[in-house]
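**Q** Pasting coords16.cif below, which is mmCIF, C-alpha atoms.
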data_entry
loop_
_atom_site.label_atom_id
_atom_site.label_comp_id
_atom_site.auth_asym_id
_atom_site.auth_seq_id
_atom_site.Cartn_x
_atom_site.Cartn_y
_atom_site.Cartn_z
CA MET D 1 -48.34 165.82 -35.72
CA GLN D 2 -45.62 168.34 -34.81
CA PRO D 3 -42.40 166.83 -33.38
CA LEU D 4 -41.28 168.41 -30.10
CA ASN D 5 -38.71 171.15 -30.33
CA ARG D 6 -35.56 170.91 -28.20
CA LEU D 7 -37.02 173.02 -25.38
CA GLN D 8 -40.17 170.90 -25.23
CA LEU D 9 -37.89 167.87 -25.09
CA ALA D 10 -36.00 169.43 -22.19
CA TRP D 11 -39.31 170.23 -20.48
CA ARG D 12 -40.48 166.63 -20.81
CA ALA D 13 -37.27 165.19 -19.33
CA ALA D 14 -37.40 167.74 -16.49
CA GLN D 15 -40.80 166.39 -15.37
CA ASP D 16 -39.17 163.09 -14.37
CA ILE D 17 -36.60 164.69 -12.05
CA GLU D 18 -37.45 164.01 -8.43
CA GLU D 19 -36.89 165.85 -5.19
CA GLY D 20 -33.41 165.42 -3.73
CA MET D 21 -31.74 164.08 -6.83
CA LEU D 22 -28.17 164.96 -7.82
CA VAL D 23 -28.36 165.57 -11.57
CA ASN D 24 -25.69 166.06 -14.23
CA LEU D 25 -26.75 167.72 -17.49
CA GLY D 26 -24.70 167.21 -20.65
CA LEU D 27 -23.71 169.93 -23.07
CA GLY D 28 -26.20 170.99 -25.72
CA MET D 29 -29.88 170.11 -25.32
CA PRO D 30 -29.60 168.60 -21.81
CA VAL D 31 -28.47 171.81 -20.04
CA ALA D 32 -31.83 173.36 -20.98
CA VAL D 33 -33.52 170.81 -18.68
CA ALA D 34 -32.51 172.96 -15.71
CA ASP D 35 -34.91 175.71 -16.85
CA TYR D 36 -37.92 173.38 -16.59
CA ILE D 37 -37.41 171.60 -13.28
CA ARG D 38 -40.50 172.45 -11.23
CA PRO D 39 -39.63 175.06 -8.59
CA GLU D 40 -41.03 172.93 -5.76
CA VAL D 41 -38.61 170.11 -6.64
CA ASP D 42 -35.35 170.79 -4.80
CA VAL D 43 -32.40 169.27 -6.67
CA PHE D 44 -28.69 169.87 -6.99
CA ILE D 45 -27.12 170.04 -10.43
CA GLN D 46 -23.56 168.76 -10.64
CA SER D 47 -21.11 169.84 -13.30
CA GLU D 48 -18.03 167.70 -13.99
CA ASN D 49 -15.68 170.60 -13.26
CA GLY D 50 -16.63 170.26 -9.61
CA VAL D 51 -19.56 172.64 -9.11
CA ILE D 52 -22.22 170.99 -6.94
CA GLY D 53 -25.30 173.20 -7.17
CA VAL D 54 -25.17 174.94 -10.55
CA GLY D 55 -27.68 177.82 -10.74
CA PRO D 56 -28.97 179.83 -13.69
CA LEU D 57 -26.56 181.46 -16.15
CA ALA D 58 -25.00 184.66 -14.82
CA ALA D 59 -26.28 187.98 -16.11
CA PRO D 60 -23.60 189.40 -18.43
CA ASP D 61 -22.72 192.22 -16.02
CA ARG D 62 -22.33 189.73 -13.13
CA ALA D 63 -20.46 187.00 -15.02
CA ASP D 64 -17.23 185.81 -13.40
CA THR D 65 -14.59 184.06 -15.51
CA ASP D 66 -13.79 181.71 -12.62
CA LEU D 67 -17.40 180.67 -12.01
CA VAL D 68 -18.10 178.39 -14.93
CA ASP D 69 -19.53 174.97 -15.66
CA ALA D 70 -17.96 172.15 -17.65
CA GLY D 71 -19.26 173.75 -20.84
CA SER D 72 -17.39 177.02 -20.11
CA ARG D 73 -20.72 178.78 -19.48
CA ARG D 74 -20.59 181.57 -16.90
CA ILE D 75 -23.00 180.46 -14.23
CA THR D 76 -24.30 181.27 -10.78
CA ILE D 77 -24.40 178.85 -7.87
CA ARG D 78 -27.47 178.08 -5.77
CA SER D 79 -27.75 178.26 -2.00
CA GLY D 80 -26.04 175.29 -0.40
CA ALA D 81 -23.65 174.91 -3.33
CA SER D 82 -20.07 173.70 -3.00
CA ILE D 83 -17.12 173.37 -5.35
CA VAL D 84 -14.65 170.48 -5.34
CA ASP D 85 -11.65 169.58 -7.48
CA SER D 86 -11.83 167.31 -10.55
CA SER D 87 -10.72 164.16 -8.77
CA TRP D 88 -13.44 164.49 -6.17
CA SER D 89 -15.98 165.43 -8.84
CA PHE D 90 -15.27 162.26 -10.81
CA ALA D 91 -15.05 160.10 -7.71
CA MET D 92 -18.58 161.35 -7.06
CA ILE D 93 -19.62 160.33 -10.58
CA ARG D 94 -17.83 156.95 -10.62
CA GLY D 95 -18.99 156.19 -7.11
CA GLY D 96 -22.62 156.29 -8.18
CA HIS D 97 -23.53 159.43 -6.25
CA VAL D 98 -25.00 161.17 -9.30
CA ASP D 99 -28.60 159.97 -9.49
CA VAL D 100 -29.24 160.94 -13.09
CA ALA D 101 -27.07 162.01 -16.00
CA ILE D 102 -29.07 163.47 -18.87
CA LEU D 103 -26.95 163.27 -22.00
CA GLY D 104 -27.20 163.98 -25.68
CA ALA D 105 -26.58 161.10 -28.09
CA PHE D 106 -25.94 160.20 -31.70
CA GLU D 107 -27.19 156.63 -31.31
CA VAL D 108 -28.66 154.35 -28.65
CA ALA D 109 -28.91 150.58 -29.05
CA ALA D 110 -31.75 148.37 -27.86
CA ASN D 111 -29.53 146.97 -25.09
CA GLY D 112 -28.77 150.46 -23.78
CA ASP D 113 -25.39 150.91 -25.48
CA LEU D 114 -24.68 154.62 -25.98
CA ALA D 115 -22.71 156.38 -28.75
CA ASN D 116 -22.38 160.09 -28.04
CA TRP D 117 -18.73 161.10 -28.17
CA ASP D 118 -17.16 160.48 -31.56
CA MET D 119 -18.98 161.22 -34.82
CA ARG D 120 -15.80 160.47 -36.76
CA LEU D 121 -15.70 164.01 -38.12
CA PRO D 122 -12.98 164.44 -40.72
CA ASN D 123 -10.21 166.88 -39.75
CA LYS D 124 -11.35 167.04 -36.13
CA GLY D 125 -9.66 165.66 -33.05
CA PRO D 126 -11.57 163.47 -30.58
CA LEU D 127 -13.37 164.97 -27.60
CA VAL D 128 -14.43 162.57 -24.86
CA GLY D 129 -14.47 164.85 -21.79
CA GLY D 130 -16.50 163.29 -18.99
CA ALA D 131 -18.96 161.50 -21.29
CA MET D 132 -17.66 157.98 -20.61
CA ASP D 133 -17.52 158.51 -16.85
CA LEU D 134 -21.09 159.79 -16.71
CA ALA D 135 -22.49 157.16 -19.05
CA ALA D 136 -20.80 154.26 -17.27
CA CYS D 137 -21.35 155.36 -13.69
CA ALA D 138 -24.37 157.63 -13.13
CA ARG D 139 -27.09 155.64 -11.39
CA SER D 140 -29.48 156.40 -14.26
CA VAL D 141 -28.59 157.61 -17.73
CA TRP D 142 -31.32 159.37 -19.68
CA VAL D 143 -30.79 160.49 -23.26
CA ILE D 144 -32.34 163.47 -25.05
CA MET D 145 -32.09 163.34 -28.82
CA GLU D 146 -33.98 163.68 -32.06
CA HIS D 147 -35.57 160.40 -33.08
CA VAL D 148 -33.90 160.38 -36.50
CA THR D 149 -30.87 162.09 -38.05
CA ARG D 150 -31.17 165.14 -40.30
CA LYS D 151 -31.13 162.73 -43.22
CA GLY D 152 -33.95 160.72 -41.67
CA ALA D 153 -31.92 157.71 -40.51
CA PRO D 154 -32.97 156.18 -37.17
CA ARG D 155 -30.88 156.85 -34.08
CA LEU D 156 -32.50 154.09 -32.02
CA LEU D 157 -30.80 150.98 -33.38
CA ALA D 158 -30.38 147.26 -32.87
CA SER D 159 -26.69 148.04 -32.34
CA CYS D 160 -24.69 151.26 -32.56
CA THR D 161 -22.61 152.00 -35.65
CA LEU D 162 -20.56 154.84 -34.09
CA PRO D 163 -17.88 154.34 -31.40
CA LEU D 164 -19.45 153.49 -28.04
CA THR D 165 -19.36 155.75 -24.99
CA ALA D 166 -20.43 152.99 -22.61
CA VAL D 167 -22.19 149.64 -22.84
CA ARG D 168 -25.69 148.87 -21.54
CA CYS D 169 -26.05 152.16 -19.69
CA VAL D 170 -29.08 154.05 -21.05
CA LYS D 171 -32.32 153.61 -19.11
CA ARG D 172 -34.61 156.11 -20.85
CA ILE D 173 -34.64 158.02 -24.14
CA TYR D 174 -36.61 161.21 -24.74
CA THR D 175 -37.01 161.95 -28.43
CA ASP D 176 -39.06 164.51 -30.32
CA LEU D 177 -41.54 161.70 -31.06
CA ALA D 178 -41.62 159.39 -28.04
CA VAL D 179 -40.40 158.43 -24.59
CA VAL D 180 -38.74 155.02 -24.73
CA ASP D 181 -37.22 152.85 -22.00
CA ALA D 182 -34.27 150.56 -22.74
CA THR D 183 -35.12 147.39 -20.78
CA PRO D 184 -33.77 143.84 -20.67
CA ALA D 185 -36.78 142.97 -22.84
CA GLY D 186 -35.83 145.60 -25.44
CA MET D 187 -37.16 149.08 -26.17
CA VAL D 188 -40.49 149.85 -24.54
CA VAL D 189 -42.48 152.88 -25.72
CA ARG D 190 -44.00 154.72 -22.73
CA GLU D 191 -45.28 157.81 -24.52
CA MET D 192 -45.80 158.73 -28.15
CA LEU D 193 -46.92 161.92 -29.94
CA ALA D 194 -50.64 162.04 -30.69
CA GLY D 195 -51.29 161.59 -34.40
CA LEU D 196 -48.40 159.19 -34.82
CA SER D 197 -49.23 155.50 -35.34
CA GLU D 198 -47.27 152.56 -33.97
CA ALA D 199 -46.32 151.76 -37.57
CA ASP D 200 -45.08 155.36 -38.09
CA LEU D 201 -42.83 155.12 -35.05
CA ARG D 202 -41.55 151.68 -36.04
CA ALA D 203 -40.69 153.04 -39.50
CA ARG D 204 -38.47 155.69 -37.86
CA THR D 205 -36.78 153.27 -35.46
CA GLY D 206 -33.96 150.83 -36.18
CA ALA D 207 -34.73 148.40 -33.36
CA PRO D 208 -37.80 146.37 -32.40
CA LEU D 209 -40.28 148.34 -30.27
CA VAL D 210 -42.69 147.08 -27.64
CA PHE D 211 -45.60 149.41 -26.82
CA ALA D 212 -46.33 149.53 -23.11
CA PRO D 213 -49.91 148.52 -22.27
CA ASP D 214 -50.32 151.93 -20.64
CA CYS D 215 -48.53 153.87 -23.41
CA ARG D 216 -49.71 157.49 -23.16
CA PRO D 217 -49.75 160.47 -25.52
CA LEU D 218 -46.55 162.56 -25.29
CA VAL D 219 -47.84 166.00 -24.31
CA THR D 220 -45.88 169.15 -23.51
CA PRO D 221 -46.76 172.84 -23.31
CA ASP D 222 -46.02 175.08 -26.29
CA ILE D 223 -42.54 176.50 -25.82
CA ALA D 224 -41.20 178.81 -28.48
CA LEU D 225 -37.56 178.51 -29.50
CA PRO D 226 -35.58 181.74 -29.12
CA ASP D 227 -34.96 183.56 -32.41
CA MET Z 1 15.98 179.94 6.97
CA PRO Z 2 12.20 180.16 7.21
CA ILE Z 3 10.43 178.63 4.27
CA ASP Z 4 9.47 180.99 1.46
CA LYS Z 5 8.41 179.44 -1.86
CA ARG Z 6 7.70 182.69 -3.64
CA VAL Z 7 9.91 183.54 -6.61
CA ALA Z 8 10.17 186.81 -8.49
CA SER Z 9 9.14 185.75 -11.98
CA ALA Z 10 7.59 182.99 -14.05
CA ALA Z 11 10.88 182.66 -15.95
CA GLU Z 12 12.73 182.02 -12.70
CA ALA Z 13 10.09 179.51 -11.59
CA LEU Z 14 10.62 177.46 -14.76
CA ALA Z 15 14.38 177.95 -15.16
CA ASP Z 16 15.21 174.23 -14.87
CA VAL Z 17 12.51 172.70 -17.07
CA ALA Z 18 14.42 170.53 -19.53
CA ASP Z 19 13.87 169.10 -23.01
CA GLY Z 20 11.68 166.01 -22.97
CA ALA Z 21 9.83 167.05 -19.80
CA THR Z 22 6.30 165.89 -19.04
CA VAL Z 23 4.22 168.92 -18.08
CA PHE Z 24 0.87 169.00 -16.29
CA ILE Z 25 -1.25 172.08 -17.11
CA SER Z 26 -4.35 172.87 -15.00
CA GLY Z 27 -7.57 174.47 -16.18
CA PHE Z 28 -11.01 173.47 -17.37
CA GLY Z 29 -14.15 175.21 -18.55
CA GLY Z 30 -12.38 178.55 -18.81
CA ALA Z 31 -11.13 178.66 -15.21
CA GLY Z 32 -7.73 177.87 -13.77
CA PHE Z 33 -5.48 178.22 -16.79
CA PRO Z 34 -1.89 179.10 -15.74
CA ASN Z 35 -1.44 181.30 -18.79
CA VAL Z 36 1.47 183.35 -17.47
CA LEU Z 37 3.43 180.18 -16.74
CA ILE Z 38 2.49 178.65 -20.09
CA ARG Z 39 3.83 181.70 -21.90
CA ALA Z 40 7.00 181.68 -19.81
CA LEU Z 41 7.51 178.03 -20.71
CA ARG Z 42 7.08 178.86 -24.39
CA ASP Z 43 9.67 181.63 -24.06
CA ARG Z 44 12.06 179.24 -22.35
CA GLY Z 45 11.48 176.84 -25.23
CA PRO Z 46 12.24 173.28 -24.02
CA LYS Z 47 11.68 170.74 -26.83
CA ASN Z 48 9.91 167.38 -27.08
CA LEU Z 49 7.49 168.12 -24.27
CA THR Z 50 4.66 165.81 -23.30
CA LEU Z 51 1.69 167.92 -22.22
CA VAL Z 52 -0.91 166.43 -19.88
CA VAL Z 53 -3.77 168.90 -20.12
CA ASN Z 54 -7.55 168.57 -20.15
CA SER Z 55 -7.95 170.27 -23.52
CA ALA Z 56 -5.38 170.61 -26.28
CA THR Z 57 -7.30 173.52 -27.75
CA HIS Z 58 -9.38 175.44 -25.18
CA ARG Z 59 -9.92 178.97 -26.44
CA TYR Z 60 -9.08 180.62 -23.09
CA SER Z 61 -5.90 178.63 -22.54
CA TYR Z 62 -2.50 179.46 -24.03
CA THR Z 63 -1.66 175.76 -24.34
CA HIS Z 64 -1.90 176.08 -28.12
CA GLU Z 65 1.09 178.47 -28.08
CA LEU Z 66 3.36 175.65 -26.91
CA ILE Z 67 2.01 173.47 -29.70
CA GLU Z 68 2.32 176.18 -32.35
CA ALA Z 69 5.91 176.85 -31.22
CA GLY Z 70 6.76 173.22 -32.07
CA LEU Z 71 7.77 172.33 -28.52
CA VAL Z 72 5.34 169.44 -28.05
CA ARG Z 73 5.86 165.78 -28.93
CA LYS Z 74 2.74 164.34 -27.33
CA VAL Z 75 -0.51 165.47 -25.73
CA VAL Z 76 -2.47 163.46 -23.17
CA CYS Z 77 -5.92 165.05 -22.91
CA THR Z 78 -9.67 164.52 -22.81
CA ALA Z 79 -10.52 167.03 -25.53
CA ALA Z 80 -8.59 167.53 -28.76
CA ARG Z 81 -11.27 169.08 -30.93
CA GLY Z 82 -10.81 172.64 -32.10
CA HIS Z 83 -13.59 175.21 -32.05
CA THR Z 84 -13.58 176.22 -35.68
CA LYS Z 85 -14.20 174.48 -38.99
CA GLU Z 86 -10.55 174.94 -39.85
CA PRO Z 87 -8.31 172.47 -38.01
CA SER Z 88 -6.53 173.90 -34.98
CA ALA Z 89 -2.74 173.90 -34.79
CA PHE Z 90 -2.97 170.74 -32.73
CA GLU Z 91 -5.33 169.02 -35.16
CA ARG Z 92 -3.11 169.89 -38.11
CA LEU Z 93 0.05 168.48 -36.48
CA TRP Z 94 -1.85 165.42 -35.26
CA MET Z 95 -3.25 164.64 -38.72
CA GLU Z 96 0.24 165.09 -40.19
CA GLY Z 97 1.52 162.55 -37.68
CA ARG Z 98 3.87 165.10 -36.13
CA ILE Z 99 2.31 165.03 -32.67
CA GLU Z 100 1.13 162.05 -30.67
CA LEU Z 101 -2.29 162.02 -29.00
CA GLU Z 102 -3.58 159.97 -26.08
CA CYS Z 103 -7.27 160.63 -25.49
CA VAL Z 104 -8.43 159.72 -21.97
CA PRO Z 105 -11.87 159.87 -20.30
CA GLN Z 106 -11.81 162.83 -17.93
CA GLY Z 107 -12.39 160.92 -14.70
CA THR Z 108 -9.69 158.45 -15.65
CA PHE Z 109 -7.41 161.35 -16.59
CA THR Z 110 -7.72 162.95 -13.16
CA GLU Z 111 -7.65 159.65 -11.25
CA ARG Z 112 -4.44 158.59 -13.05
CA ILE Z 113 -2.86 161.83 -11.83
CA ARG Z 114 -4.32 161.41 -8.34
CA ALA Z 115 -2.91 157.87 -8.23
CA GLY Z 116 0.48 159.20 -9.36
CA GLY Z 117 0.59 161.53 -6.38
CA ALA Z 118 -0.86 159.01 -3.95
CA GLY Z 119 1.48 156.04 -4.37
CA ILE Z 120 -0.94 153.92 -6.41
CA PRO Z 121 0.72 152.53 -9.57
CA ALA Z 122 -2.48 151.43 -11.31
CA PHE Z 123 -6.18 150.90 -10.66
CA PHE Z 124 -9.28 149.34 -12.17
CA THR Z 125 -12.12 151.57 -13.36
CA PRO Z 126 -15.45 150.70 -15.01
CA VAL Z 127 -15.10 153.73 -17.29
CA GLY Z 128 -14.23 153.00 -20.90
CA PHE Z 129 -14.99 149.29 -20.77
CA GLY Z 130 -16.20 148.10 -24.17
CA THR Z 131 -15.00 151.26 -25.94
CA GLU Z 132 -12.13 152.15 -28.26
CA LEU Z 133 -10.33 153.93 -25.43
CA ALA Z 134 -9.92 150.64 -23.55
CA LYS Z 135 -8.51 148.76 -26.53
CA GLY Z 136 -5.55 146.60 -25.55
CA LYS Z 137 -5.96 147.27 -21.83
CA GLU Z 138 -6.29 144.55 -19.24
CA VAL Z 139 -9.90 143.89 -18.19
CA ARG Z 140 -10.94 142.16 -14.99
CA SER Z 141 -14.34 141.35 -13.57
CA PHE Z 142 -15.23 142.17 -9.95
CA ASP Z 143 -18.63 141.16 -8.59
CA GLY Z 144 -19.96 140.66 -12.10
CA ARG Z 145 -18.89 144.02 -13.51
CA ASP Z 146 -16.03 144.59 -15.96
CA TYR Z 147 -13.21 147.01 -15.20
CA VAL Z 148 -10.26 148.37 -17.18
CA LEU Z 149 -6.72 148.61 -15.78
CA GLU Z 150 -5.37 152.15 -15.93
CA HIS Z 151 -1.87 153.31 -14.94
CA ALA Z 152 -0.88 156.27 -12.79
CA MET Z 153 0.60 159.41 -14.36
CA THR Z 154 3.31 161.65 -12.94
CA ALA Z 155 5.10 164.64 -14.42
CA ASP Z 156 8.35 166.54 -14.16
CA VAL Z 157 6.54 169.83 -13.67
CA ALA Z 158 2.99 170.98 -12.94
CA LEU Z 159 1.75 174.43 -13.96
CA VAL Z 160 -1.18 175.42 -11.75
CA ARG Z 161 -3.32 178.55 -11.47
CA ALA Z 162 -4.64 179.53 -8.04
CA ASP Z 163 -5.98 182.69 -6.46
CA THR Z 164 -3.94 183.22 -3.29
CA ASP Z 165 -0.83 181.84 -1.65
CA ASP Z 166 1.32 182.46 1.40
CA ARG Z 167 5.06 182.06 1.96
CA TYR Z 168 4.58 178.33 2.62
CA GLY Z 169 2.97 177.73 -0.77
CA ASN Z 170 -0.46 177.08 0.70
CA LEU Z 171 -2.98 177.74 -2.05
CA SER Z 172 -6.61 178.75 -2.24
CA PHE Z 173 -8.67 178.90 -5.40
CA ARG Z 174 -11.59 181.00 -6.66
CA TYR Z 175 -14.77 179.16 -7.59
CA ALA Z 176 -14.12 176.55 -10.32
CA GLN Z 177 -10.43 177.45 -10.67
CA MET Z 178 -9.48 174.38 -8.68
CA ASN Z 179 -10.32 171.61 -11.17
CA PHE Z 180 -7.07 169.69 -11.92
CA GLY Z 181 -4.72 172.04 -10.06
CA PRO Z 182 -4.49 170.34 -6.66
CA VAL Z 183 -4.13 166.83 -8.00
CA MET Z 184 -1.55 167.86 -10.60
CA ALA Z 185 0.59 169.48 -7.91
CA THR Z 186 0.62 166.23 -5.93
CA ALA Z 187 2.00 164.18 -8.83
CA ALA Z 188 4.74 166.43 -10.20
CA THR Z 189 8.41 166.56 -9.21
CA LEU Z 190 8.25 170.36 -9.47
CA ALA Z 191 4.90 172.01 -8.75
CA VAL Z 192 4.72 175.67 -9.80
CA ALA Z 193 1.71 177.88 -9.15
CA GLU Z 194 0.79 181.31 -10.40
CA VAL Z 195 -1.51 183.31 -8.13
CA ARG Z 196 -3.35 186.61 -8.28
CA THR Z 197 -2.12 187.72 -4.89
CA THR Z 198 0.12 186.63 -2.05
CA LEU Z 199 -0.63 187.01 1.65
CA ASP Z 200 1.76 188.67 4.08
CA GLU Z 201 0.54 186.47 6.92
CA PRO Z 202 0.17 182.66 6.84
CA MET Z 203 -3.13 181.57 5.31
CA LEU Z 204 -5.83 180.57 7.78
CA TYR Z 205 -5.89 176.78 7.83
CA GLU Z 206 -9.55 176.57 6.84
CA LYS Z 207 -8.83 178.56 3.67
CA VAL Z 208 -6.06 176.22 2.49
CA GLN Z 209 -7.33 174.06 -0.39
CA LEU Z 210 -3.91 172.71 -1.37
CA PRO Z 211 -1.32 172.35 1.40
CA GLY Z 212 1.95 174.05 0.60
CA VAL Z 213 3.85 170.80 1.11
CA TYR Z 214 2.79 169.95 -2.46
CA VAL Z 215 3.90 173.28 -3.92
CA ASP Z 216 7.52 174.14 -4.77
CA ARG Z 217 7.40 177.62 -6.31
CA VAL Z 218 4.80 180.37 -6.55
CA VAL Z 219 4.82 183.49 -8.66
CA THR Z 220 2.37 186.35 -8.22
CA VAL Z 221 0.99 187.58 -11.53
CA ALA Z 222 -1.40 190.34 -12.52
CA ALA Z 223 -5.04 189.33 -12.07
#
What would the structure in this file look like if it were written as structure tokens?
**A**
Amino acid sequence: MQPLNRLQLAWRAAQDIEEGMLVNLGLGMPVAVADYIRPEVDVFIQSENGVIGVGPLAAPDRADTDLVDAGSRRITIRSGASIVDSSWSFAMIRGGHVDVAILGAFEVAANGDLANWDMRLPNKGPLVGGAMDLAACARSVWVIMEHVTRKGAPRLLASCTLPLTAVRCVKRIYTDLAVVDATPAGMVVREMLAGLSEADLRARTGAPLVFAPDCRPLVTPDIALPD
Amino acid sequence: MPIDKRVASAAEALADVADGATVFISGFGGAGFPNVLIRALRDRGPKNLTLVVNSATHRYSYTHELIEAGLVRKVVCTAARGHTKEPSAFERLWMEGRIELECVPQGTFTERIRAGGAGIPAFFTPVGFGTELAKGKEVRSFDGRDYVLEHAMTADVALVRADTDDRYGNLSFRYAQMNFGPVMATAATLAVAEVRTTLDEPMLYEKVQLPGVYVDRVVTVAA
């Protein structure tokens, strides 16, 4: 039983993106999702800084300091792209025009509460950026995260311990062990790594789990992490 | 006299910025930082400034120079976290209680400025409900959903980076340079832009991304 690496996690989330969606990808693991969206699925990726139609990263010799995404990455834009100002970009987000926001997280609660902006790091200022806007207002919020912390503590919890980003917003969680939906009836496991038992997953989870009757093995291709 | 909003230098453009001013600064993600104007403001040296800027610490912005020079009393921003293990100048002053911080969700940040330039004193937003950033704010329910009351922001001066202007102050931007620039110009008493180049002829109307009626002074700077 080998937990998924972060690129396999991104691959798995990318498989659920559907034709025609407007998608926002959070900093960190989520931006890698763009690399695994199937080529036949035509989607636009929105970045909070106003780019509608983010393309692949720019080659170093073609990078332009004015063509960046919200994470300061030098990007390209796809055909049909447009660029708007911040107020329009966030009106788009708040207005429910972004179909899916895929975000990283520290913790998710059984009711869909999300904590992903403030780890209470000593000596560091807060950084909220667009996290609260996306979490509260995207039509669907999916989370990509490791199932437990580096110290082995669960991140899926009965209630969050860290400051909330938004309440009752997460619909689906992709972890390195399972795919879990946050539903009104609690957390429902849709997919789980082969070789892991229900008891194993429960032991790594801080909230009650329901296993879907059609719960499937979580399978991804082998994807090597870059050195 | 035909209108001409172009001035010779950044220093001239900022000559009447006073102590205690509230200053909007554009820029996000590495694009649109008015760094020539920021440095000119530092050289002018007004005290007790309130900065309204997306990031207190972005590595491509010179905002930190105003903070390091001790000119800043308060920062309203969405990002106050430095990039290194060591605390940034902002983080140090903030932890020492020598600078005030108001952390705002980014969409609320830009909408408060938009409202300030659009004659809207306050508005309800779903963003932030149930979080620490909504603590103490009025909450009201509409159609079964909870919303937080947020107030408009205006400023004495806006510092904006654009690509091109004409004599009328019409501005166009390159790629993601736009971000907070247009909305900040609408909500400031004095809107100052720095541009890479100025046009001899009036800008074609379909190229204008911010009408010059919102812009008071423009200075052409090196690219």
**Q** Apply the PyMOL selection byres ((chain D and resi 161) around 10) to the structure shown and report the selected residues as a list in words.
**A**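 In the shown coordinates, the PyMOL selection byres ((chain D and resi 161) around 10) covers Phe106, Glu107, Val108, Ala109, Ala115, Met119, Arg155, Leu157, Ala158, Ser159, Cys160, Leu162, Pro163 and Leu164 of chain D.
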**Q** Let me see the file: selected residues, C-alpha atoms, as a PDB file, in the coordinates of the input.
**A**
ATOM      1  CA  PHE D 106     -25.940 160.200 -31.700  1.00  0.00           C
ATOM      2  CA  GLU D 107     -27.190 156.630 -31.310  1.00  0.00           C
ATOM      3  CA  VAL D 108     -28.660 154.350 -28.650  1.00  0.00           C
ATOM      4  CA  ALA D 109     -28.910 150.580 -29.050  1.00  0.00           C
ATOM      5  CA  ALA D 115     -22.710 156.380 -28.750  1.00  0.00           C
ATOM      6  CA  MET D 119     -18.980 161.220 -34.820  1.00  0.00           C
ATOM      7  CA  ARG D 155     -30.880 156.850 -34.080  1.00  0.00           C
ATOM      8  CA  LEU D 157     -30.800 150.980 -33.380  1.00  0.00           C
ATOM      9  CA  ALA D 158     -30.380 147.260 -32.870  1.00  0.00           C
ATOM     10  CA  SER D 159     -26.690 148.040 -32.340  1.00  0.00           C
ATOM     11  CA  CYS D 160     -24.690 151.260 -32.560  1.00  0.00           C
ATOM     12  CA  LEU D 162     -20.560 154.840 -34.090  1.00  0.00           C
ATOM     13  CA  PRO D 163     -17.880 154.340 -31.400  1.00  0.00           C
ATOM     14  CA  LEU D 164     -19.450 153.490 -28.040  1.00  0.00           C
TER      15      LEU D 164
END
**Q** Point out the residue among Z:Thr197, Z:Gln177, Z:Thr220, Z:Thr22 with the least atom-to-atom distance to chain D, counting all atoms listed in the file.
**A**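 Of Z:Thr197, Z:Gln177, Z:Thr220, Z:Thr22, the one nearest chain D is Z:Gln177, counting all atoms listed in the file.
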**Q** How far is it from atom CA of Ser79 of chain D to atom CA of Val143 of chain D, in Å with one decimal?
**A**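 Here the two named atoms are 27.9 Å from each other.
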**Q** If I take atom CA of Val54 of chain D and atom CA of Ser89 of chain D, how far is one from the other in Å, to one decimal?
**A** 13.3 Å
**Q** Using only C-alpha atoms, can you list as a PDB file with C-alpha atoms, in the frame of the given file the residues within 10 Å of (-25.3, 175.7, -9.8)?
**A**
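Result saved to part-v6.pdb:
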ATOM      1  CA  ALA D  34     -32.510 172.960 -15.710  1.00  0.00           C
ATOM      2  CA  PHE D  44     -28.690 169.870  -6.990  1.00  0.00           C
ATOM      3  CA  ILE D  45     -27.120 170.040 -10.430  1.00  0.00           C
ATOM      4  CA  GLN D  46     -23.560 168.760 -10.640  1.00  0.00           C
ATOM      5  CA  SER D  47     -21.110 169.840 -13.300  1.00  0.00           C
ATOM      6  CA  VAL D  51     -19.560 172.640  -9.110  1.00  0.00           C
ATOM      7  CA  ILE D  52     -22.220 170.990  -6.940  1.00  0.00           C
ATOM      8  CA  GLY D  53     -25.300 173.200  -7.170  1.00  0.00           C
ATOM      9  CA  VAL D  54     -25.170 174.940 -10.550  1.00  0.00           C
ATOM     10  CA  GLY D  55     -27.680 177.820 -10.740  1.00  0.00           C
ATOM     11  CA  PRO D  56     -28.970 179.830 -13.690  1.00  0.00           C
ATOM     12  CA  LEU D  57     -26.560 181.460 -16.150  1.00  0.00           C
ATOM     13  CA  LEU D  67     -17.400 180.670 -12.010  1.00  0.00           C
ATOM     14  CA  VAL D  68     -18.100 178.390 -14.930  1.00  0.00           C
ATOM     15  CA  ASP D  69     -19.530 174.970 -15.660  1.00  0.00           C
ATOM     16  CA  ILE D  75     -23.000 180.460 -14.230  1.00  0.00           C
ATOM     17  CA  THR D  76     -24.300 181.270 -10.780  1.00  0.00           C
ATOM     18  CA  ILE D  77     -24.400 178.850  -7.870  1.00  0.00           C
ATOM     19  CA  ARG D  78     -27.470 178.080  -5.770  1.00  0.00           C
ATOM     20  CA  SER D  79     -27.750 178.260  -2.000  1.00  0.00           C
ATOM     21  CA  GLY D  80     -26.040 175.290  -0.400  1.00  0.00           C
ATOM     22  CA  ALA D  81     -23.650 174.910  -3.330  1.00  0.00           C
ATOM     23  CA  SER D  82     -20.070 173.700  -3.000  1.00  0.00           C
ATOM     24  CA  ILE D  83     -17.120 173.370  -5.350  1.00  0.00           C
TER      25      ILE D  83
END
**Q** Find the residues of chain D in contact range of chain Z, meaning any atom within 7 Å when counting all atoms listed in the file, and list them as number ranges by chain.
**A** D: 49-51, 65-72, 83, 85-87, 90, 123-130, 132-133, 136, 163-167
**Q** Can you tell me which residues surround Met29 of chain D at a distance of at most 7 Å, considering all atoms listed in the file, apart from same-chain residues fewer than 4 positions away, and format the answer as a list of chain:residue names?
**A**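 In the requested format, the answer is D:Arg6, D:Ala10, D:Gly104.
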